[in-house]
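Raw contents of upload03.txt, compact mmCIF, C-alpha atoms:
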# COMPACT_ATOMS: atom_id res chain seq x y z
CA MET A 1 100.04 -190.19 102.18
CA THR A 2 101.46 -193.23 103.96
CA TYR A 3 104.69 -193.65 105.89
CA ILE A 4 106.17 -195.51 102.90
CA ASP A 5 105.47 -192.55 100.59
CA ILE A 6 107.08 -190.07 103.00
CA GLU A 7 110.11 -192.35 103.42
CA TYR A 8 110.46 -192.63 99.63
CA ILE A 9 110.35 -188.86 99.19
CA CYS A 10 112.83 -188.19 102.00
CA ALA A 11 115.26 -190.85 100.80
CA HIS A 12 115.32 -189.66 97.19
CA ILE A 13 115.47 -185.94 97.99
CA SER A 14 118.43 -186.57 100.28
CA PHE A 15 120.14 -188.64 97.57
CA ILE A 16 119.73 -185.86 94.98
CA MET A 17 121.10 -183.29 97.43
CA LEU A 18 124.09 -185.51 98.28
CA LEU A 19 124.82 -185.98 94.59
CA VAL A 20 124.74 -182.21 94.07
CA VAL A 21 127.01 -181.65 97.08
CA THR A 22 129.54 -184.21 95.84
CA SER A 23 129.65 -182.68 92.36
CA LEU A 24 129.93 -179.10 93.61
CA ASP A 25 132.60 -180.00 96.17
CA TRP A 26 134.87 -181.35 93.45
CA ILE A 27 134.16 -178.34 91.26
CA VAL A 28 135.22 -176.04 94.10
CA LEU A 29 138.29 -178.15 94.78
CA SER A 30 139.41 -178.17 91.14
CA SER A 31 138.53 -174.58 90.22
CA ASN A 32 138.79 -172.85 93.62
CA TYR A 33 135.40 -171.21 92.93
CA LYS A 34 134.40 -170.71 96.57
CA LYS A 35 131.18 -168.85 95.83
CA LEU A 36 129.50 -172.26 95.59
CA ASN A 37 130.20 -173.05 99.26
CA SER A 38 126.97 -171.41 100.43
CA LEU A 39 124.90 -173.53 98.04
CA ILE A 40 126.83 -176.65 99.07
CA ASN A 41 126.11 -176.04 102.76
CA LYS A 42 122.39 -175.53 102.07
CA CYS A 43 122.16 -178.71 99.99
CA MET A 44 123.93 -180.74 102.68
CA ALA A 45 121.59 -179.30 105.32
CA VAL A 46 118.58 -180.40 103.25
CA ALA A 47 120.10 -183.86 102.75
CA SER A 48 120.77 -184.26 106.49
CA ILE A 49 117.25 -183.11 107.40
CA CYS A 50 115.65 -185.51 104.91
CA THR A 51 117.77 -188.46 106.06
CA THR A 52 116.97 -187.62 109.69
CA GLY A 53 113.29 -187.45 108.75
CA PHE A 54 113.51 -190.86 107.10
CA LEU A 55 115.06 -192.42 110.20
CA LEU A 56 112.50 -190.79 112.51
CA ILE A 57 109.57 -191.97 110.37
CA ARG A 58 110.97 -195.49 110.24
CA ARG A 59 111.39 -195.32 114.03
CA ILE A 60 107.73 -194.32 114.48
CA GLU A 61 106.61 -197.01 112.05
CA THR A 62 108.58 -199.92 113.54
CA LYS A 63 108.61 -198.83 117.21
CA HIS A 64 112.33 -199.61 117.47
CA LEU A 65 115.68 -198.18 116.41
CA PRO A 66 115.73 -198.38 112.58
CA LEU A 67 118.71 -200.69 112.31
CA SER A 68 117.06 -204.05 111.74
CA ASN A 69 118.13 -204.66 108.11
CA PRO A 70 120.84 -203.60 105.66
CA TYR A 71 118.74 -200.81 104.15
CA GLU A 72 118.23 -199.09 107.48
CA SER A 73 121.87 -199.64 108.44
CA LEU A 74 123.10 -198.08 105.19
CA MET A 75 120.77 -195.11 105.61
CA PHE A 76 122.05 -194.62 109.15
CA LEU A 77 125.62 -194.86 107.83
CA SER A 78 124.84 -192.25 105.17
CA TRP A 79 123.41 -190.03 107.90
CA SER A 80 126.65 -190.53 109.87
CA PHE A 81 128.67 -189.41 106.84
CA SER A 82 126.47 -186.32 106.51
CA LEU A 83 126.87 -185.43 110.17
CA LEU A 84 130.64 -185.92 109.91
CA TYR A 85 130.65 -183.70 106.82
CA ILE A 86 128.94 -180.87 108.70
CA LEU A 87 131.25 -181.17 111.73
CA LEU A 88 134.40 -181.22 109.60
CA LYS A 89 133.34 -178.33 107.38
CA VAL A 90 132.57 -176.21 110.42
CA GLY A 91 135.73 -177.22 112.30
CA ASN A 92 138.31 -177.39 109.50
CA LYS A 93 136.94 -175.06 106.80
CA ASN A 94 138.84 -177.20 104.33
CA GLU A 95 137.50 -178.12 100.88
CA TRP A 96 139.32 -181.48 101.01
CA SER A 97 137.24 -182.64 103.97
CA GLY A 98 134.02 -182.18 102.03
CA ALA A 99 135.46 -183.73 98.88
CA VAL A 100 136.38 -186.86 100.86
CA VAL A 101 133.28 -187.26 103.05
CA ALA A 102 130.52 -186.33 100.56
CA PRO A 103 131.25 -189.22 98.13
CA GLY A 104 131.03 -191.66 101.05
CA ALA A 105 127.57 -190.39 101.97
CA THR A 106 126.45 -190.39 98.32
CA LEU A 107 127.71 -193.87 97.45
CA THR A 108 126.32 -195.39 100.64
CA HIS A 109 122.96 -193.74 100.04
CA ALA A 110 122.95 -194.83 96.38
CA PHE A 111 123.66 -198.45 97.29
CA ALA A 112 120.87 -198.38 99.89
CA THR A 113 118.20 -196.91 97.60
CA SER A 114 119.22 -198.46 94.26
CA GLY A 115 121.36 -201.51 95.01
CA LEU A 116 119.05 -203.35 97.38
CA PRO A 117 115.82 -205.12 96.34
CA ASP A 118 112.46 -203.83 97.54
CA GLU A 119 111.91 -206.69 99.99
CA ILE A 120 115.11 -205.76 101.81
CA GLN A 121 114.06 -202.10 102.02
CA ARG A 122 110.81 -202.89 103.83
CA SER A 123 110.67 -202.45 107.58
CA THR A 124 111.07 -205.65 109.57
CA GLN A 125 110.74 -206.72 113.18
CA LEU A 126 113.82 -207.30 115.26
CA VAL A 127 115.01 -210.85 115.75
CA PRO A 128 114.78 -212.03 119.37
CA ALA A 129 118.50 -211.58 120.05
CA SER A 130 118.28 -207.93 118.96
CA GLN A 131 115.42 -207.07 121.26
CA SER A 132 117.74 -205.70 123.91
CA HIS A 133 118.53 -202.32 125.41
CA TRP A 134 122.12 -202.88 124.23
CA LEU A 135 120.99 -202.43 120.60
CA MET A 136 121.21 -198.63 120.71
CA MET A 137 124.58 -198.57 122.48
CA HIS A 138 126.20 -201.18 120.24
CA VAL A 139 124.85 -200.31 116.81
CA SER A 140 124.79 -196.52 117.21
CA THR A 141 128.53 -196.57 117.97
CA THR A 142 129.51 -199.32 115.54
CA LEU A 143 127.97 -197.76 112.42
CA PRO A 144 129.66 -194.35 112.88
CA SER A 145 132.89 -196.28 113.48
CA TYR A 146 132.63 -197.38 109.83
CA ALA A 147 132.18 -193.82 108.53
CA THR A 148 134.89 -192.05 110.50
CA PRO A 149 137.89 -194.34 109.78
CA SER A 150 136.83 -194.56 106.13
CA CYS A 151 137.03 -190.78 105.77
CA GLY A 152 140.27 -190.62 107.75
CA SER A 153 141.83 -193.33 105.58
CA LEU A 154 140.78 -191.57 102.37
CA SER A 155 142.34 -188.33 103.60
CA ALA A 156 145.54 -190.23 104.41
CA ILE A 157 145.57 -191.63 100.87
CA ALA A 158 145.06 -188.11 99.46
CA LEU A 159 147.87 -186.92 101.71
CA SER A 160 150.24 -189.53 100.31
CA ILE A 161 149.49 -188.49 96.72
CA ILE A 162 150.22 -184.84 97.48
CA TYR A 163 153.24 -185.72 99.62
CA PHE A 164 154.98 -187.76 96.94
CA ASP A 165 154.31 -185.01 94.42
CA LYS A 166 155.76 -182.54 96.90
CA LYS A 167 159.02 -184.52 97.01
CA ASN A 168 159.60 -183.75 93.35
CA ALA A 169 159.35 -179.98 93.86
CA ASN A 170 162.35 -177.68 93.49
CA PHE A 171 162.08 -176.30 97.01
CA VAL A 172 160.92 -178.11 100.12
CA TYR A 173 159.61 -176.25 103.12
CA GLU A 174 160.17 -178.02 106.40
CA SER A 175 158.17 -175.65 108.63
CA ASN A 176 161.40 -173.93 109.52
CA ARG A 177 161.82 -170.22 108.94
CA GLY A 178 165.57 -170.58 109.19
CA PHE A 179 165.56 -172.88 106.20
CA VAL A 180 163.66 -170.34 104.10
CA GLN A 181 165.97 -167.54 105.17
CA GLU A 182 169.09 -169.61 104.48
CA THR A 183 167.81 -170.65 101.06
CA TYR A 184 166.98 -167.05 100.15
CA VAL A 185 170.45 -165.90 101.23
CA ARG A 186 172.00 -168.63 99.10
CA ILE A 187 169.88 -167.55 96.11
CA SER A 188 170.84 -163.92 96.71
CA GLU A 189 174.55 -164.75 96.84
CA THR A 190 174.23 -166.81 93.66
CA THR A 191 172.52 -164.00 91.80
CA HIS A 192 174.89 -161.30 93.10
CA TYR A 193 177.02 -161.43 89.94
CA PHE A 194 174.00 -161.54 87.58
CA ASP A 195 172.56 -158.47 85.96
CA GLN A 196 169.45 -157.05 87.62
CA THR A 197 166.96 -158.59 85.13
CA LYS A 198 168.28 -162.13 85.57
CA LYS A 199 168.46 -161.68 89.32
CA THR A 200 164.82 -160.58 89.44
CA ASP A 201 163.76 -163.58 87.33
CA VAL A 202 165.59 -166.03 89.59
CA GLU A 203 164.15 -164.48 92.75
CA SER A 204 160.64 -164.51 91.25
CA THR A 205 161.01 -168.19 90.38
CA PHE A 206 162.23 -168.92 93.89
CA PHE A 207 159.34 -167.19 95.62
CA TYR A 208 156.79 -168.76 93.25
CA SER A 209 158.15 -172.25 93.95
CA LEU A 210 158.31 -171.51 97.65
CA SER A 211 154.70 -170.31 97.64
CA LEU A 212 153.55 -173.52 95.96
CA ASN A 213 155.42 -175.64 98.50
CA LEU A 214 154.06 -173.63 101.41
CA ARG A 215 150.51 -174.29 100.22
CA LYS A 216 151.27 -177.97 99.72
CA CYS A 217 152.83 -178.26 103.18
CA ARG A 218 149.87 -176.50 104.74
CA LEU A 219 147.45 -178.86 102.97
CA ILE A 220 149.53 -181.91 103.92
CA ASN A 221 149.55 -180.85 107.58
CA GLN A 222 145.79 -180.27 107.51
CA LEU A 223 145.08 -183.66 105.96
CA ASP A 224 147.51 -185.41 108.30
CA ARG A 225 145.94 -183.81 111.37
CA TRP A 226 142.43 -184.46 110.09
CA ALA A 227 143.15 -188.12 109.30
CA TYR A 228 144.63 -188.66 112.77
CA GLN A 229 141.70 -186.97 114.53
CA VAL A 230 139.00 -188.76 112.54
CA ILE A 231 140.61 -192.21 112.80
CA SER A 232 141.10 -191.61 116.54
CA LEU A 233 137.38 -190.86 116.86
CA GLY A 234 136.54 -193.98 114.85
CA PHE A 235 138.89 -196.07 117.00
CA SER A 236 137.15 -194.84 120.16
CA LEU A 237 133.70 -195.58 118.73
CA SER A 238 134.85 -199.01 117.58
CA THR A 239 136.20 -199.77 121.05
CA ILE A 240 132.87 -198.86 122.64
CA GLY A 241 131.02 -200.89 120.01
CA ILE A 242 133.18 -203.98 120.56
CA LEU A 243 132.89 -203.82 124.36
CA SER A 244 129.13 -203.20 124.35
CA GLY A 245 128.72 -205.97 121.77
CA ALA A 246 130.63 -208.37 124.00
CA VAL A 247 128.35 -207.61 126.96
CA TRP A 248 125.29 -207.94 124.73
CA ALA A 249 126.54 -211.26 123.32
CA ASN A 250 127.02 -212.59 126.84
CA GLU A 251 123.41 -211.73 127.67
CA ALA A 252 122.04 -213.18 124.42
CA TRP A 253 124.21 -216.25 123.87
CA GLY A 254 126.07 -216.77 127.14
CA SER A 255 129.51 -215.94 125.74
CA TYR A 256 131.37 -212.65 125.39
CA ARG A 257 132.88 -213.66 122.04
CA SER A 258 131.82 -216.39 119.63
CA TRP A 259 134.47 -215.62 116.99
CA ASP A 260 132.00 -215.40 114.13
CA PRO A 261 133.33 -213.63 110.96
CA LYS A 262 131.96 -210.19 111.88
CA GLU A 263 133.55 -210.21 115.32
CA THR A 264 136.85 -211.47 113.94
CA TRP A 265 137.05 -208.80 111.24
CA ALA A 266 136.05 -206.17 113.80
CA LEU A 267 139.00 -207.18 115.96
CA VAL A 268 141.38 -207.19 112.97
CA THR A 269 140.20 -203.71 111.92
CA TRP A 270 140.55 -202.45 115.50
CA LEU A 271 144.14 -203.75 115.64
CA ILE A 272 145.03 -202.09 112.32
CA HIS A 273 143.72 -198.74 113.54
CA ALA A 274 145.61 -199.23 116.81
CA ILE A 275 148.81 -199.77 114.79
CA TYR A 276 148.08 -196.58 112.82
CA LEU A 277 147.64 -194.55 116.01
CA HIS A 278 150.82 -196.06 117.46
CA THR A 279 152.87 -195.11 114.38
CA LYS A 280 151.48 -191.57 114.52
CA MET A 281 152.15 -191.11 118.22
CA THR A 282 155.70 -192.45 118.09
CA GLN A 283 156.44 -190.49 114.88
CA SER A 284 159.28 -192.86 114.06
CA TRP A 285 157.90 -194.30 110.82
CA GLY A 286 157.64 -191.16 108.68
CA LYS A 287 154.50 -190.46 106.67
CA GLU A 288 154.56 -193.48 104.36
CA VAL A 289 153.96 -196.28 106.90
CA PRO A 290 150.93 -194.66 108.64
CA THR A 291 149.42 -193.99 105.21
CA ILE A 292 149.83 -197.63 104.18
CA VAL A 293 148.30 -198.82 107.45
CA ALA A 294 145.37 -196.38 107.06
CA SER A 295 144.81 -197.63 103.50
CA ILE A 296 144.64 -201.22 104.74
CA GLY A 297 142.18 -200.10 107.41
CA PHE A 298 139.92 -198.56 104.75
CA PHE A 299 139.48 -201.87 102.92
CA LEU A 300 139.08 -203.82 106.16
CA VAL A 301 136.25 -201.53 107.27
CA TRP A 302 134.23 -202.30 104.16
CA ILE A 303 135.04 -206.02 104.29
CA ARG A 304 133.77 -205.95 107.85
CA PHE A 305 130.62 -203.96 107.03
CA LEU A 306 129.51 -205.34 103.64
CA GLY A 307 131.63 -208.33 102.69
CA VAL A 308 130.93 -210.49 105.71
CA ASN A 309 127.21 -209.70 105.74
CA LEU A 310 126.70 -210.23 102.02
CA LEU A 311 128.08 -213.75 102.47
CA GLY A 312 125.23 -214.38 104.90
CA ILE A 313 127.28 -216.26 107.47
CA GLY A 314 127.69 -215.84 111.19
CA LEU A 315 125.52 -214.27 113.85
CA HIS A 316 125.44 -210.78 112.31
CA ASN A 317 123.71 -211.51 109.00
CA TYR A 318 120.18 -210.53 109.98
CA GLY A 319 118.13 -209.39 107.01
CA TRP A 320 120.90 -209.49 104.42
CA LEU A 321 120.64 -210.54 100.80
CA THR A 322 121.09 -214.26 101.35
CA GLN A 323 118.11 -214.48 103.65
How would this structure read if it were set down as C-alpha cells?
Amino acid sequence: MTYIDIEYICAHISFIMLLVVTSLDWIVLSSNYKKLNSLINKCMAVASICTTGFLLIRRIETKHLPLSNPYESLMFLSWSFSLLYILLKVGNKNEWSGAVVAPGATLTHAFATSGLPDEIQRSTQLVPASQSHWLMMHVSTTLPSYATPSCGSLSAIALSIIYFDKKNANFVYESNRGFVQETYVRISETTHYFDQTKKTDVESTFFYSLSLNLRKCRLINQLDRWAYQVISLGFSLSTIGILSGAVWANEAWGSYRSWDPKETWALVTWLIHAIYLHTKMTQSWGKEVPTIVASIGFFLVWIRFLGVNLLGIGLHNYGWLTQ
C-alpha cells in the first residue's frame, strides 16, 4: 500500500465522519435528542485522527509542511475546523457551536476531495520563495485565522436571527430579576379580580412565556460571547499571520508589502474584524451593528481565501486552478 492509497483512505473516511457529525448535530439541535452526543464526539474524533494522519503522511512524503497547494491548504483548514469543533464542544457544551463549526469542516473537506482535479491534489514541491523557515509561522497562523472568524461570524448571524425573533415575544427578559418580579406583581394585581381558574391560566401563560424568553436570552448570550471569543482568536491569529508574512516578504522580495490582491484583502478583512471588536468593547452600537460587521467579515474571509486565489493573480496563487 502506497502513501497515495493511505492518503485516499484517510481523506475519505474523515469526510464520511464529518458528514455524519454535521447531520447528527442538526438532528440534536432540532429534536433535542442528546443521546446522540456520544456518537457525534466519537465520529469527530475519528475524523480528526484521519485528517491528522493525512497531513502527517503528506509531510513524510514531501519532506515539508503540507501547505504547498490548494488541496493541502483546504485539508489543513478542514483540520482547523475540526480542532475548533472539539475545543468549543468541550469548553461551551453548546449544541449551536457544533452545528455551526461542523458544516464548515464538511464543506471545506468536500471541496478539497471532490471539487479539485486530481493534478491539483498531487503533492508538489515548494516554489523557491516558499522554501523559508517563515512558512510554518505564516501559514499555520493564517489558515486557522480563516476558520475561526468564519465560525464566529456564523454564530453572530444565528444570534441575530434568534434576537429579532425574541423581540416579537410577549415578555422580554433583560437579565434583571427586578424586572421579572415587577412583571409578576403586575400580573398578580391584574388577575386579583379574576376567578381562580382564569388567574391560574394567566399565570401559567406568563411563566411559560417567561421560560421561553429565558432560554432564548441564555442562548443569545452564549452565542454572543462565543462569537466575540472566536473572532478575537481569529483576529489575533490574523495579526500574527500578517506580521510574519510581512517579514517573510521582505526576505523573499525585498519589500514588507507589495499590495498584491491577497495582501490587500487580508488587510481589509483585518480592519473589518477590528471594527467588530471595537463595537463589542464599546457596547454603544447594540447587537445589530456588530452582527452586520461580522457578516461582512464572513464573506471577506472567503473572498480572501478562495476568490483571490481562484483568479490566479498576485504572489499568492501558487498551485491554484489557473496554473
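CA of Ala47 in chain A is found 13.4 Å from CA of Tyr8 in chain A.
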With only C-alpha atoms as the atoms that count, which of A:Val139, A:Ala156, A:Leu18, A:Ile6 lies nearest to Gly104 in chain A?
A:Leu18
How far is it from CA of His109 in chain A to CA of Ile240 in chain A, in Å with one decimal?
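Separation between CA of His109 in chain A and CA of Ile240 in chain A: 25.2 Å.
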So how far away is CA of Ser295 in chain A from CA of Ala45 in chain A, in Å?
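So the answer is 29.6 Å.
For the choices A:Leu84, A:Ser68, A:Leu116, A:Ile296, the atom-to-atom distance to Gln131 in chain A is smallest for A:Ser68 when using all atoms listed in the file.
Around Ser145 in chain A, within 8 Å and counting all atoms listed in the file, the residues found are Thr141, Thr142, Leu143, Ala147, Thr148, Pro149, Leu233, Gly234, Phe235, Leu237 and Ser238 of chain A, once anything fewer than 2 positions away on its own chain is removed.
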Tell me which protein, DNA and RNA residues are within 10 Å of Ser153 in chain A, counting only C-alpha atoms, leaving out same-chain ones fewer than 6 positions away, and put them as a compact mmCIF listing (two decimals) with C-alpha atoms, in the frame of the given file.
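And here's result-v8.txt as it stands now:
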# COMPACT_ATOMS: atom_id res chain seq x y z
CA VAL A 100 136.38 -186.86 100.86
CA LEU A 159 147.87 -186.92 101.71
CA TRP A 226 142.43 -184.46 110.09
CA ALA A 227 143.15 -188.12 109.30
CA TYR A 228 144.63 -188.66 112.77
CA VAL A 230 139.00 -188.76 112.54
CA ILE A 231 140.61 -192.21 112.80
CA HIS A 273 143.72 -198.74 113.54
CA PRO A 290 150.93 -194.66 108.64
CA THR A 291 149.42 -193.99 105.21
CA ILE A 292 149.83 -197.63 104.18
CA VAL A 293 148.30 -198.82 107.45
CA ALA A 294 145.37 -196.38 107.06
CA SER A 295 144.81 -197.63 103.50
CA ILE A 296 144.64 -201.22 104.74
CA GLY A 297 142.18 -200.10 107.41
CA PHE A 298 139.92 -198.56 104.75
CA PHE A 299 139.48 -201.87 102.92
